[in-house]
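K.L.:
What follows is structure-v3.cif; its format and atoms are mmCIF, C-alpha atoms.
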```cif
data_input
loop_
_atom_site.label_atom_id
_atom_site.label_comp_id
_atom_site.auth_asym_id
_atom_site.auth_seq_id
_atom_site.Cartn_x
_atom_site.Cartn_y
_atom_site.Cartn_z
CA MET N 17 23.70 20.31 9.19
CA ASN N 18 25.09 17.49 11.30
CA ILE N 19 23.23 14.22 11.07
CA ALA N 20 23.45 11.08 13.18
CA VAL N 21 22.67 7.60 11.91
CA LEU N 22 21.51 4.92 14.37
CA CYS N 23 22.11 1.34 13.29
CA SER N 24 22.03 -2.18 14.68
CA GLY N 25 23.02 -4.34 11.75
CA ASN N 26 24.44 -4.52 8.28
CA GLY N 27 23.97 -0.85 7.52
CA SER N 28 23.25 -0.99 3.80
CA ASN N 29 21.11 2.14 4.09
CA LEU N 30 23.92 3.80 6.06
CA GLN N 31 26.22 2.99 3.15
CA ALA N 32 23.80 4.57 0.66
CA ILE N 33 23.67 7.70 2.84
CA ILE N 34 27.46 7.83 3.25
CA ASP N 35 27.88 7.55 -0.52
CA LYS N 36 25.39 10.36 -1.14
CA VAL N 37 27.05 12.61 1.42
CA LEU N 38 30.47 11.95 -0.08
CA ASP N 39 29.34 12.75 -3.62
CA GLY N 40 27.68 15.98 -2.48
CA TYR N 41 24.05 14.96 -3.12
CA ILE N 42 23.19 15.34 0.59
CA PRO N 43 24.62 18.69 1.79
CA ALA N 44 25.27 17.55 5.36
CA LYS N 45 27.86 15.90 7.53
CA ILE N 46 27.39 12.50 9.17
CA ALA N 47 28.75 13.55 12.53
CA LEU N 48 28.05 10.30 14.38
CA VAL N 49 27.01 6.71 13.83
CA VAL N 50 25.51 5.12 16.94
CA SER N 51 25.02 1.41 17.41
CA ASP N 52 23.55 -0.68 20.20
CA ASN N 53 25.40 -3.69 18.79
CA LYS N 54 29.17 -3.75 18.82
CA SER N 55 29.22 -6.37 16.04
CA ALA N 56 27.12 -4.31 13.63
CA PHE N 57 28.77 -4.24 10.21
CA ALA N 58 27.46 -0.68 9.96
CA LEU N 59 30.32 0.31 12.30
CA GLU N 60 32.88 -0.97 9.79
CA ARG N 61 31.22 1.05 7.06
CA ALA N 62 31.35 4.18 9.20
CA LYS N 63 34.98 3.70 10.13
CA LYS N 64 35.94 3.09 6.52
CA ALA N 65 34.30 6.41 5.63
CA GLY N 66 36.08 8.18 8.48
CA VAL N 67 32.82 8.73 10.39
CA GLU N 68 32.93 8.80 14.18
CA THR N 69 31.15 5.90 15.88
CA LEU N 70 29.66 5.29 19.28
CA VAL N 71 28.73 1.88 20.63
CA LEU N 72 26.49 1.66 23.65
CA ASP N 73 25.60 -1.66 25.23
CA PRO N 74 21.97 -1.70 26.44
CA GLY N 75 23.08 -4.10 29.18
CA ASP N 76 25.05 -1.25 30.75
CA PHE N 77 21.93 0.88 31.26
CA ASP N 78 18.98 0.75 33.58
CA GLY N 79 16.20 0.62 30.99
CA ARG N 80 15.35 2.24 27.70
CA GLU N 81 15.15 5.84 28.86
CA ALA N 82 18.57 5.73 30.59
CA PHE N 83 20.06 4.32 27.40
CA ASP N 84 18.37 6.99 25.29
CA ARG N 85 19.55 9.78 27.64
CA GLU N 86 23.12 8.69 26.97
CA VAL N 87 22.48 8.67 23.22
CA ILE N 88 20.89 12.12 23.41
CA LYS N 89 23.84 13.47 25.42
CA ASN N 90 26.15 12.43 22.62
CA LEU N 91 23.86 13.78 19.89
CA ARG N 92 23.72 17.14 21.65
CA LYS N 93 27.51 17.34 21.79
CA LYS N 94 27.54 16.96 18.03
CA LYS N 95 24.73 19.49 17.50
CA ILE N 96 22.71 16.92 15.55
CA GLY N 97 19.90 18.38 13.44
CA LEU N 98 18.55 15.10 12.05
CA VAL N 99 18.47 11.60 13.51
CA VAL N 100 18.33 8.86 10.87
CA LEU N 101 17.26 5.35 11.89
CA ALA N 102 18.79 2.78 9.59
CA GLY N 103 18.02 -0.72 10.74
CA TYR N 104 18.01 0.39 14.37
CA MET N 105 16.33 -2.40 16.27
CA ARG N 106 15.49 -0.48 19.46
CA LEU N 107 12.24 1.39 20.05
CA LEU N 108 12.94 5.00 20.96
CA SER N 109 11.68 6.25 24.30
CA GLY N 110 9.05 8.98 24.40
CA HIS N 111 11.75 11.21 25.83
CA PHE N 112 13.96 10.75 22.76
CA ILE N 113 11.06 11.37 20.39
CA LYS N 114 10.09 14.55 22.23
CA GLU N 115 13.69 15.80 22.29
CA TYR N 116 14.02 15.40 18.51
CA LYS N 117 10.41 16.06 17.54
CA ASP N 118 9.99 16.08 13.75
CA LYS N 119 13.74 15.49 13.43
CA ILE N 120 13.82 11.69 13.44
CA VAL N 121 13.28 9.69 10.26
CA ASN N 122 12.95 5.98 9.66
CA ILE N 123 12.61 3.69 6.68
CA HIS N 124 10.20 0.77 6.54
CA PRO N 125 10.20 -1.95 3.85
CA ALA N 126 6.44 -1.81 3.14
CA LEU N 127 3.95 0.76 1.92
CA LEU N 128 2.68 2.04 5.26
CA PRO N 129 0.10 1.88 6.75
CA SER N 130 0.21 -1.70 5.42
CA PHE N 131 2.46 -4.24 7.13
CA LYS N 132 3.79 -2.32 10.12
CA GLY N 133 6.25 -4.05 12.41
CA THR N 134 9.42 -6.02 11.97
CA HIS N 135 8.33 -8.32 9.13
CA GLY N 136 7.24 -5.89 6.43
CA ILE N 137 8.57 -8.00 3.57
CA ARG N 138 7.36 -11.38 4.80
CA ASP N 139 3.93 -10.07 5.78
CA ALA N 140 3.42 -8.42 2.37
CA LEU N 141 4.44 -11.60 0.61
CA GLU N 142 2.17 -13.79 2.74
CA HIS N 143 -0.75 -11.41 2.23
CA GLY N 144 -0.36 -11.80 -1.51
CA VAL N 145 -0.09 -8.13 -2.45
CA LYS N 146 1.04 -7.35 -5.98
CA VAL N 147 2.57 -3.97 -5.08
CA THR N 148 4.68 -3.14 -2.06
CA GLY N 149 7.69 -0.90 -1.48
CA PRO N 150 9.56 1.19 1.05
CA THR N 151 8.31 4.14 3.10
CA VAL N 152 10.43 6.92 4.61
CA HIS N 153 8.57 8.57 7.47
CA PHE N 154 8.98 10.79 10.48
CA VAL N 155 9.02 8.94 13.76
CA ASP N 156 6.30 9.65 16.29
CA GLU N 157 5.18 7.89 19.48
CA LYS N 158 3.42 5.07 17.65
CA LEU N 159 5.11 2.24 15.77
CA ASP N 160 5.62 2.96 12.05
CA ASN N 161 2.96 5.64 12.22
CA GLY N 162 4.56 9.06 11.61
CA ALA N 163 3.94 11.36 8.65
CA ILE N 164 5.11 9.85 5.37
CA ILE N 165 7.88 11.61 3.45
CA LEU N 166 8.45 9.35 0.45
CA GLN N 167 7.20 5.99 -0.79
CA LYS N 168 8.16 3.98 -3.83
CA ALA N 169 6.17 1.18 -5.42
CA VAL N 170 7.84 -2.17 -6.05
CA GLU N 171 6.06 -4.86 -8.02
CA VAL N 172 5.74 -8.26 -6.36
CA LYS N 173 6.28 -11.17 -8.74
CA ASP N 174 4.67 -14.60 -8.47
CA ALA N 175 8.08 -16.23 -8.12
CA ASP N 176 9.30 -13.86 -5.40
CA THR N 177 10.85 -15.19 -2.22
CA GLU N 178 11.49 -13.05 0.85
CA GLU N 179 15.06 -12.69 -0.33
CA SER N 180 14.35 -11.68 -3.92
CA LEU N 181 11.68 -9.18 -2.88
CA LEU N 182 13.88 -7.77 -0.12
CA GLY N 183 16.60 -7.23 -2.69
CA ARG N 184 14.36 -5.12 -4.93
CA VAL N 185 12.87 -3.20 -1.99
CA HIS N 186 16.35 -2.45 -0.63
CA LYS N 187 17.42 -1.13 -4.00
CA GLU N 188 14.62 1.45 -3.84
CA GLU N 189 15.33 2.18 -0.17
CA HIS N 190 18.86 3.15 -1.14
CA LYS N 191 17.41 5.76 -3.51
CA ILE N 192 14.54 7.24 -1.52
CA TYR N 193 16.26 7.40 1.87
CA PRO N 194 19.08 9.66 0.64
CA GLU N 195 16.47 11.67 -1.29
CA ALA N 196 14.33 12.19 1.80
CA ILE N 197 17.36 13.17 3.87
CA LYS N 198 18.46 15.64 1.22
CA LEU N 199 14.99 17.22 1.24
CA PHE N 200 15.05 17.48 5.03
CA VAL N 201 18.54 18.96 5.15
CA GLU N 202 17.58 21.53 2.52
CA GLY N 203 14.60 22.57 4.65
CA ARG N 204 12.14 21.51 1.96
CA LEU N 205 9.87 19.27 4.03
CA LYS N 206 6.79 20.80 5.61
CA ILE N 207 4.64 18.71 7.95
CA VAL N 208 0.95 19.66 7.74
CA GLY N 209 -1.07 17.40 10.02
CA ARG N 210 -0.37 13.90 8.77
CA LYS N 211 0.91 15.11 5.41
CA VAL N 212 4.43 16.00 4.38
CA LYS N 213 4.62 18.53 1.58
CA VAL N 214 7.76 19.09 -0.44
CA LYS N 215 8.69 22.70 -1.14
CA SER N 216 10.35 23.20 -4.50
CA MET U 173 -17.98 -17.70 -20.53
CA ASN U 174 -20.96 -15.62 -19.49
CA ILE U 175 -20.23 -12.85 -17.04
CA ALA U 176 -22.56 -10.67 -14.97
CA VAL U 177 -21.71 -7.17 -13.81
CA LEU U 178 -23.37 -5.78 -10.66
CA CYS U 179 -23.54 -1.99 -10.45
CA SER U 180 -25.19 0.73 -8.40
CA GLY U 181 -23.96 3.92 -9.98
CA ASN U 182 -22.16 5.56 -12.85
CA GLY U 183 -20.62 2.37 -14.17
CA SER U 184 -17.35 3.68 -15.57
CA ASN U 185 -15.71 0.33 -14.85
CA LEU U 186 -18.66 -1.40 -16.55
CA GLN U 187 -17.95 0.78 -19.59
CA ALA U 188 -14.29 -0.22 -19.60
CA ILE U 189 -15.32 -3.89 -19.44
CA ILE U 190 -17.94 -3.47 -22.19
CA ASP U 191 -15.34 -1.81 -24.42
CA LYS U 192 -12.85 -4.63 -23.81
CA VAL U 193 -15.44 -7.30 -24.53
CA LEU U 194 -16.49 -5.55 -27.73
CA ASP U 195 -12.93 -5.24 -29.02
CA GLY U 196 -12.22 -8.91 -28.27
CA TYR U 197 -9.68 -8.38 -25.45
CA ILE U 198 -11.95 -10.19 -22.96
CA PRO U 199 -13.13 -13.45 -24.61
CA ALA U 200 -16.49 -13.54 -22.82
CA LYS U 201 -20.05 -12.32 -23.07
CA ILE U 202 -21.62 -9.87 -20.64
CA ALA U 203 -24.86 -11.79 -20.25
CA LEU U 204 -26.44 -9.57 -17.60
CA VAL U 205 -26.01 -6.25 -15.83
CA VAL U 206 -27.76 -6.16 -12.45
CA SER U 207 -28.48 -2.99 -10.51
CA ASP U 208 -30.08 -2.31 -7.15
CA ASN U 209 -30.67 1.25 -8.27
CA LYS U 210 -33.03 1.99 -11.15
CA SER U 211 -31.37 5.38 -11.74
CA ALA U 212 -27.87 3.97 -12.12
CA PHE U 213 -26.25 5.40 -15.24
CA ALA U 214 -24.62 1.97 -15.62
CA LEU U 215 -28.00 0.76 -16.92
CA GLU U 216 -27.86 3.27 -19.78
CA ARG U 217 -24.38 2.09 -20.67
CA ALA U 218 -25.56 -1.54 -20.72
CA LYS U 219 -28.59 -0.77 -22.88
CA LYS U 220 -26.49 1.22 -25.31
CA ALA U 221 -24.21 -1.81 -25.69
CA GLY U 222 -27.17 -4.13 -26.16
CA VAL U 223 -26.56 -5.88 -22.84
CA GLU U 224 -29.54 -7.27 -20.94
CA THR U 225 -30.27 -5.51 -17.64
CA LEU U 226 -32.09 -6.42 -14.47
CA VAL U 227 -33.15 -3.91 -11.82
CA LEU U 228 -34.13 -5.17 -8.39
CA ASP U 229 -35.39 -2.83 -5.70
CA PRO U 230 -34.09 -3.86 -2.24
CA GLY U 231 -37.31 -2.42 -0.82
CA ASP U 232 -39.23 -5.25 -2.48
CA PHE U 233 -37.32 -7.93 -0.56
CA ASP U 234 -37.31 -9.14 2.99
CA GLY U 235 -33.64 -8.63 3.79
CA ARG U 236 -30.29 -9.09 2.13
CA GLU U 237 -30.45 -12.84 1.63
CA ALA U 238 -33.88 -12.76 -0.04
CA PHE U 239 -32.59 -10.08 -2.40
CA ASP U 240 -29.46 -12.09 -3.16
CA ARG U 241 -31.50 -15.24 -3.80
CA GLU U 242 -33.38 -13.40 -6.51
CA VAL U 243 -30.11 -12.17 -8.02
CA ILE U 244 -28.67 -15.69 -7.91
CA LYS U 245 -31.78 -17.12 -9.57
CA ASN U 246 -31.23 -14.76 -12.47
CA LEU U 247 -27.49 -15.44 -12.65
CA ARG U 248 -28.16 -19.18 -12.80
CA LYS U 249 -30.56 -18.72 -15.69
CA LYS U 250 -27.74 -17.06 -17.59
CA LYS U 251 -25.16 -19.69 -16.61
CA ILE U 252 -22.88 -17.01 -15.20
CA GLY U 253 -19.27 -18.10 -14.66
CA LEU U 254 -17.97 -14.84 -13.22
CA VAL U 255 -19.66 -12.14 -11.14
CA VAL U 256 -18.04 -8.73 -11.47
CA LEU U 257 -18.78 -6.06 -8.87
CA ALA U 258 -18.40 -2.61 -10.37
CA GLY U 259 -19.44 0.07 -7.94
CA TYR U 260 -22.03 -2.23 -6.39
CA MET U 261 -22.93 -0.64 -3.09
CA ARG U 262 -24.52 -3.67 -1.42
CA LEU U 263 -22.67 -6.17 0.74
CA LEU U 264 -23.15 -9.68 -0.58
CA SER U 265 -24.74 -12.23 1.73
CA GLY U 266 -22.72 -15.24 2.83
CA HIS U 267 -25.08 -17.32 0.72
CA PHE U 268 -24.15 -15.42 -2.44
CA ILE U 269 -20.44 -15.67 -1.69
CA LYS U 270 -20.69 -19.41 -1.08
CA GLU U 271 -22.73 -19.94 -4.26
CA TYR U 272 -20.10 -18.19 -6.39
CA LYS U 273 -17.02 -19.10 -4.35
CA ASP U 274 -13.83 -17.85 -6.06
CA LYS U 275 -15.99 -16.54 -8.92
CA ILE U 276 -16.73 -13.03 -7.64
CA VAL U 277 -14.31 -10.17 -8.22
CA ASN U 278 -14.32 -6.61 -6.96
CA ILE U 279 -12.22 -3.50 -7.47
CA HIS U 280 -11.16 -1.21 -4.65
CA PRO U 281 -9.58 2.24 -5.14
CA ALA U 282 -6.70 1.70 -2.67
CA LEU U 283 -3.78 -0.69 -2.29
CA LEU U 284 -5.35 -3.26 -0.01
CA PRO U 285 -4.94 -4.09 2.83
CA SER U 286 -4.63 -0.30 3.32
CA PHE U 287 -7.78 1.81 3.37
CA LYS U 288 -10.55 -0.74 3.26
CA GLY U 289 -14.12 0.46 3.20
CA THR U 290 -16.08 2.99 1.22
CA HIS U 291 -13.63 5.92 1.36
CA GLY U 292 -10.46 4.43 -0.08
CA ILE U 293 -9.45 7.61 -1.88
CA ARG U 294 -10.23 10.07 0.90
CA ASP U 295 -8.66 7.91 3.59
CA ALA U 296 -5.44 7.51 1.59
CA LEU U 297 -5.27 11.24 0.99
CA GLU U 298 -5.91 12.08 4.64
CA HIS U 299 -3.32 9.56 5.79
CA GLY U 300 -0.74 11.32 3.64
CA VAL U 301 0.48 8.32 1.64
CA LYS U 302 2.64 9.04 -1.40
CA VAL U 303 1.61 5.90 -3.27
CA THR U 304 -1.87 4.44 -3.59
CA GLY U 305 -3.75 2.73 -6.41
CA PRO U 306 -6.47 0.24 -7.24
CA THR U 307 -6.76 -3.43 -6.23
CA VAL U 308 -8.71 -6.14 -8.04
CA HIS U 309 -9.48 -8.99 -5.67
CA PHE U 310 -11.65 -12.02 -5.17
CA VAL U 311 -14.54 -11.47 -2.80
CA ASP U 312 -14.68 -13.48 0.40
CA GLU U 313 -16.75 -13.19 3.58
CA LYS U 314 -14.77 -10.26 4.96
CA LEU U 315 -14.86 -6.72 3.64
CA ASP U 316 -12.19 -5.96 1.02
CA ASN U 317 -10.23 -8.96 2.22
CA GLY U 318 -10.12 -11.59 -0.55
CA ALA U 319 -7.07 -12.78 -2.44
CA ILE U 320 -5.53 -10.04 -4.56
CA ILE U 321 -5.44 -10.49 -8.35
CA LEU U 322 -3.87 -7.25 -9.57
CA GLN U 323 -2.76 -3.95 -8.09
CA LYS U 324 -1.35 -0.86 -9.73
CA ALA U 325 0.59 1.92 -8.05
CA VAL U 326 -0.55 5.53 -8.50
CA GLU U 327 1.58 8.38 -7.22
CA VAL U 328 -0.11 10.86 -4.88
CA LYS U 329 0.88 14.46 -5.54
CA ASP U 330 1.05 17.24 -2.94
CA ALA U 331 -1.59 19.20 -4.82
CA ASP U 332 -4.02 16.28 -5.15
CA THR U 333 -7.65 16.66 -4.19
CA GLU U 334 -10.02 13.72 -3.80
CA GLU U 335 -11.24 14.46 -7.31
CA SER U 336 -7.86 14.66 -9.02
CA LEU U 337 -6.58 11.53 -7.29
CA LEU U 338 -9.81 9.64 -8.02
CA GLY U 339 -9.40 10.55 -11.68
CA ARG U 340 -5.93 9.00 -11.87
CA VAL U 341 -6.93 5.92 -9.86
CA HIS U 342 -9.99 5.37 -12.08
CA LYS U 343 -7.80 5.55 -15.15
CA GLU U 344 -5.75 2.63 -13.82
CA GLU U 345 -8.89 0.78 -12.69
CA HIS U 346 -10.13 0.86 -16.26
CA LYS U 347 -6.96 -0.95 -17.30
CA ILE U 348 -6.46 -3.54 -14.57
CA TYR U 349 -10.10 -4.57 -14.14
CA PRO U 350 -10.46 -5.72 -17.76
CA GLU U 351 -7.03 -7.33 -17.50
CA ALA U 352 -8.00 -9.30 -14.37
CA ILE U 353 -11.29 -10.39 -15.97
CA LYS U 354 -9.47 -11.53 -19.10
CA LEU U 355 -7.07 -13.60 -16.97
CA PHE U 356 -9.99 -15.17 -15.09
CA VAL U 357 -11.95 -15.96 -18.25
CA GLU U 358 -8.90 -17.55 -19.81
CA GLY U 359 -8.51 -19.78 -16.75
CA ARG U 360 -5.12 -18.31 -15.91
CA LEU U 361 -5.71 -17.36 -12.26
CA LYS U 362 -4.79 -19.89 -9.60
CA ILE U 363 -5.62 -19.17 -5.97
CA VAL U 364 -3.05 -20.62 -3.57
CA GLY U 365 -3.95 -19.71 0.00
CA ARG U 366 -4.05 -15.93 0.03
CA LYS U 367 -2.04 -15.61 -3.17
CA VAL U 368 -3.24 -15.45 -6.73
CA LYS U 369 -0.74 -16.75 -9.26
CA VAL U 370 -1.02 -15.99 -12.96
CA LYS U 371 -0.40 -18.88 -15.33
CA SER U 372 1.25 -17.88 -18.57
#
```
As structure tokens, how would this structure be written, given the file I've shared?

P.N.:
Amino acid sequence: MNIAVLCSGNGSNLQAIIDKVLDGYIPAKIALVVSDNKSAFALERAKKAGVETLVLDPGDFDGREAFDREVIKNLRKKKIGLVVLAGYMRLLSGHFIKEYKDKIVNIHPALLPSFKGTHGIRDALEHGVKVTGPTVHFVDEKLDNGAIILQKAVEVKDADTEESLLGRVHKEEHKIYPEAIKLFVEGRLKIVGRKVKVKS
Amino acid sequence: MNIAVLCSGNGSNLQAIIDKVLDGYIPAKIALVVSDNKSAFALERAKKAGVETLVLDPGDFDGREAFDREVIKNLRKKKIGLVVLAGYMRLLSGHFIKEYKDKIVNIHPALLPSFKGTHGIRDALEHGVKVTGPTVHFVDEKLDNGAIILQKAVEVKDADTEESLLGRVHKEEHKIYPEAIKLFVEGRLKIVGRKVKVKS
């Protein structure tokens, strides 16, 4: 299976996925890394791994759907079977989500449905929870709402700062995101309503 | 310190607390068990442990506040320093909460702020989360909203039913509720805004 990874920033999850493809854990090829930000360090990671990259500048397109149509055109060329969002800061258009229905995954740094949105770490910390952790989920039309594939608990410590907690959450993200992708690629994920069951 | 436990039903958390008082883990006395339900099995557990009980029938009172005033009158007599809700199915009046500000604790069978309300297990299961677990928190004016003392992650399995998941969550409740009460009684909990810090 060919997978595409969409990134906007540092790409530490992309790196974890690259590593797990290279060592054979994920039986798939990263056929394309797409970024909406030409300065994303994720692009350097892709190039270093010999992965093809595509940079599209949102300023060159007339709105979100036009941008997404260009992305989709490129994904189609590569016969992409799974779209992986890894720190991709753009909301996908309904058109994109329909085109790749049940084939788009995202990772969120909180235990959904708690702390949706762009500040999952900070919001958890400010709320005073004692347990948080990342969620890998399918992407549907609503923000951070799709069926949940994997979650992993991370203990919050009294002394935690955003940075220290983020570090521990990221560490778990780098384990469960490759695991979820492996399960998808192997055809072992079954969506039943809101639930995702794992076939053994 | 004298503590009171308010129950409406089976009282399995009451039992865990009784056991941990009897073995010396919680350095406090359960001075009173209050129930709004004369058939609550919790009352049997209290009697068996030699703990004084009080049954009040909501039907005998003119509204929630009148009922709570009677409860408070009895708690005062016993010089109660901590009110523990353990399957207590009544909402406390604002008067009660003010009277025992930062001295009322509750346990909820989901990782708050997710799945507030009376169906924490079912709602988590239906939402398809992979991690849930109990929360011990202080009680404030809003439902299941107060500052969080302890939480414990419980893995949700594909094959889980409400019953099987409830069983595993209860098992953790019976550990963290006594632990939170011990910390309170020892004066080791410090509320800072929404956060509860544990002094060592």

K.L.:
Which polymer residues, whether protein, DNA or RNA, lie within 9 Å of the coordinate (-6.7, -8.4, -5.4) when you count all atoms listed in the file? List them as a list in words, using the chain letters and numbers from the file.

P.N.:
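Output of the proximity query reads Gly144, Val145 and Lys146 of chain N; Val277, Asn278, Ile279, His280, Leu283, Leu284, Pro306, Thr307, Val308, His309, Phe310, Val311, Asp316, Asn317, Gly318, Ala319, Ile320, Ile321, Leu322, Gln323, Lys367 and Val368 of chain U.
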
K.L.:
Suppose we keep C-alpha atoms; can you now write the selection as a PDB file, in the frame of the given file?

P.N.:
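Once written, out.pdb looks like this:
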```pdb
ATOM      1  CA  GLY N 144      -0.360 -11.800  -1.510  1.00  0.00           C
ATOM      2  CA  VAL N 145      -0.090  -8.130  -2.450  1.00  0.00           C
ATOM      3  CA  LYS N 146       1.040  -7.350  -5.980  1.00  0.00           C
TER       4      LYS N 146
ATOM      5  CA  VAL U 277     -14.310 -10.170  -8.220  1.00  0.00           C
ATOM      6  CA  ASN U 278     -14.320  -6.610  -6.960  1.00  0.00           C
ATOM      7  CA  ILE U 279     -12.220  -3.500  -7.470  1.00  0.00           C
ATOM      8  CA  HIS U 280     -11.160  -1.210  -4.650  1.00  0.00           C
ATOM      9  CA  LEU U 283      -3.780  -0.690  -2.290  1.00  0.00           C
ATOM     10  CA  LEU U 284      -5.350  -3.260  -0.010  1.00  0.00           C
ATOM     11  CA  PRO U 306      -6.470   0.240  -7.240  1.00  0.00           C
ATOM     12  CA  THR U 307      -6.760  -3.430  -6.230  1.00  0.00           C
ATOM     13  CA  VAL U 308      -8.710  -6.140  -8.040  1.00  0.00           C
ATOM     14  CA  HIS U 309      -9.480  -8.990  -5.670  1.00  0.00           C
ATOM     15  CA  PHE U 310     -11.650 -12.020  -5.170  1.00  0.00           C
ATOM     16  CA  VAL U 311     -14.540 -11.470  -2.800  1.00  0.00           C
ATOM     17  CA  ASP U 316     -12.190  -5.960   1.020  1.00  0.00           C
ATOM     18  CA  ASN U 317     -10.230  -8.960   2.220  1.00  0.00           C
ATOM     19  CA  GLY U 318     -10.120 -11.590  -0.550  1.00  0.00           C
ATOM     20  CA  ALA U 319      -7.070 -12.780  -2.440  1.00  0.00           C
ATOM     21  CA  ILE U 320      -5.530 -10.040  -4.560  1.00  0.00           C
ATOM     22  CA  ILE U 321      -5.440 -10.490  -8.350  1.00  0.00           C
ATOM     23  CA  LEU U 322      -3.870  -7.250  -9.570  1.00  0.00           C
ATOM     24  CA  GLN U 323      -2.760  -3.950  -8.090  1.00  0.00           C
ATOM     25  CA  LYS U 367      -2.040 -15.610  -3.170  1.00  0.00           C
ATOM     26  CA  VAL U 368      -3.240 -15.450  -6.730  1.00  0.00           C
TER      27      VAL U 368
END
```

K.L.:
For the file shown, what are the residues hit by the PyMOL selection byres ((chain N and resi 28) around 10), laid out as a PDB file with C-alpha atoms, in the frame of the given file?

P.N.:
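File produced: result39.pdb:
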```
ATOM      1  CA  CYS N  23      22.110   1.340  13.290  1.00  0.00           C
ATOM      2  CA  GLY N  25      23.020  -4.340  11.750  1.00  0.00           C
ATOM      3  CA  ASN N  26      24.440  -4.520   8.280  1.00  0.00           C
ATOM      4  CA  GLY N  27      23.970  -0.850   7.520  1.00  0.00           C
ATOM      5  CA  ASN N  29      21.110   2.140   4.090  1.00  0.00           C
ATOM      6  CA  LEU N  30      23.920   3.800   6.060  1.00  0.00           C
ATOM      7  CA  GLN N  31      26.220   2.990   3.150  1.00  0.00           C
ATOM      8  CA  ALA N  32      23.800   4.570   0.660  1.00  0.00           C
ATOM      9  CA  ILE N  33      23.670   7.700   2.840  1.00  0.00           C
ATOM     10  CA  ILE N  34      27.460   7.830   3.250  1.00  0.00           C
ATOM     11  CA  PHE N  57      28.770  -4.240  10.210  1.00  0.00           C
ATOM     12  CA  ALA N  58      27.460  -0.680   9.960  1.00  0.00           C
ATOM     13  CA  ARG N  61      31.220   1.050   7.060  1.00  0.00           C
ATOM     14  CA  ALA N 102      18.790   2.780   9.590  1.00  0.00           C
ATOM     15  CA  GLY N 103      18.020  -0.720  10.740  1.00  0.00           C
ATOM     16  CA  HIS N 186      16.350  -2.450  -0.630  1.00  0.00           C
ATOM     17  CA  LYS N 187      17.420  -1.130  -4.000  1.00  0.00           C
ATOM     18  CA  GLU N 189      15.330   2.180  -0.170  1.00  0.00           C
ATOM     19  CA  HIS N 190      18.860   3.150  -1.140  1.00  0.00           C
TER      20      HIS N 190
END
```

K.L.:
Would you write out, as a ChimeraX atom specification, every residue that the PyMOL selection byres ((chain N and resi 84) around 8) captures in this file?

P.N.:
/N:80-83,85-88,108-109,111-112

K.L.:
What does the PyMOL selection byres ((chain U and resi 356) around 12) select in this file, as a PDB file with C-alpha atoms, in the coordinates of the input?

P.N.:
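Contents of part-v4.pdb, freshly written:
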```pdb
ATOM      1  CA  MET U 173     -17.980 -17.700 -20.530  1.00  0.00           C
ATOM      2  CA  ASN U 174     -20.960 -15.620 -19.490  1.00  0.00           C
ATOM      3  CA  ILE U 175     -20.230 -12.850 -17.040  1.00  0.00           C
ATOM      4  CA  ILE U 198     -11.950 -10.190 -22.960  1.00  0.00           C
ATOM      5  CA  PRO U 199     -13.130 -13.450 -24.610  1.00  0.00           C
ATOM      6  CA  ALA U 200     -16.490 -13.540 -22.820  1.00  0.00           C
ATOM      7  CA  GLY U 253     -19.270 -18.100 -14.660  1.00  0.00           C
ATOM      8  CA  LEU U 254     -17.970 -14.840 -13.220  1.00  0.00           C
ATOM      9  CA  VAL U 255     -19.660 -12.140 -11.140  1.00  0.00           C
ATOM     10  CA  VAL U 256     -18.040  -8.730 -11.470  1.00  0.00           C
ATOM     11  CA  ASP U 274     -13.830 -17.850  -6.060  1.00  0.00           C
ATOM     12  CA  LYS U 275     -15.990 -16.540  -8.920  1.00  0.00           C
ATOM     13  CA  ILE U 276     -16.730 -13.030  -7.640  1.00  0.00           C
ATOM     14  CA  VAL U 277     -14.310 -10.170  -8.220  1.00  0.00           C
ATOM     15  CA  VAL U 308      -8.710  -6.140  -8.040  1.00  0.00           C
ATOM     16  CA  HIS U 309      -9.480  -8.990  -5.670  1.00  0.00           C
ATOM     17  CA  PHE U 310     -11.650 -12.020  -5.170  1.00  0.00           C
ATOM     18  CA  ILE U 321      -5.440 -10.490  -8.350  1.00  0.00           C
ATOM     19  CA  LEU U 322      -3.870  -7.250  -9.570  1.00  0.00           C
ATOM     20  CA  TYR U 349     -10.100  -4.570 -14.140  1.00  0.00           C
ATOM     21  CA  PRO U 350     -10.460  -5.720 -17.760  1.00  0.00           C
ATOM     22  CA  GLU U 351      -7.030  -7.330 -17.500  1.00  0.00           C
ATOM     23  CA  ALA U 352      -8.000  -9.300 -14.370  1.00  0.00           C
ATOM     24  CA  ILE U 353     -11.290 -10.390 -15.970  1.00  0.00           C
ATOM     25  CA  LYS U 354      -9.470 -11.530 -19.100  1.00  0.00           C
ATOM     26  CA  LEU U 355      -7.070 -13.600 -16.970  1.00  0.00           C
ATOM     27  CA  VAL U 357     -11.950 -15.960 -18.250  1.00  0.00           C
ATOM     28  CA  GLU U 358      -8.900 -17.550 -19.810  1.00  0.00           C
ATOM     29  CA  GLY U 359      -8.510 -19.780 -16.750  1.00  0.00           C
ATOM     30  CA  ARG U 360      -5.120 -18.310 -15.910  1.00  0.00           C
ATOM     31  CA  LEU U 361      -5.710 -17.360 -12.260  1.00  0.00           C
ATOM     32  CA  LYS U 362      -4.790 -19.890  -9.600  1.00  0.00           C
ATOM     33  CA  ILE U 363      -5.620 -19.170  -5.970  1.00  0.00           C
ATOM     34  CA  VAL U 368      -3.240 -15.450  -6.730  1.00  0.00           C
ATOM     35  CA  LYS U 369      -0.740 -16.750  -9.260  1.00  0.00           C
ATOM     36  CA  VAL U 370      -1.020 -15.990 -12.960  1.00  0.00           C
ATOM     37  CA  LYS U 371      -0.400 -18.880 -15.330  1.00  0.00           C
TER      38      LYS U 371
END
```
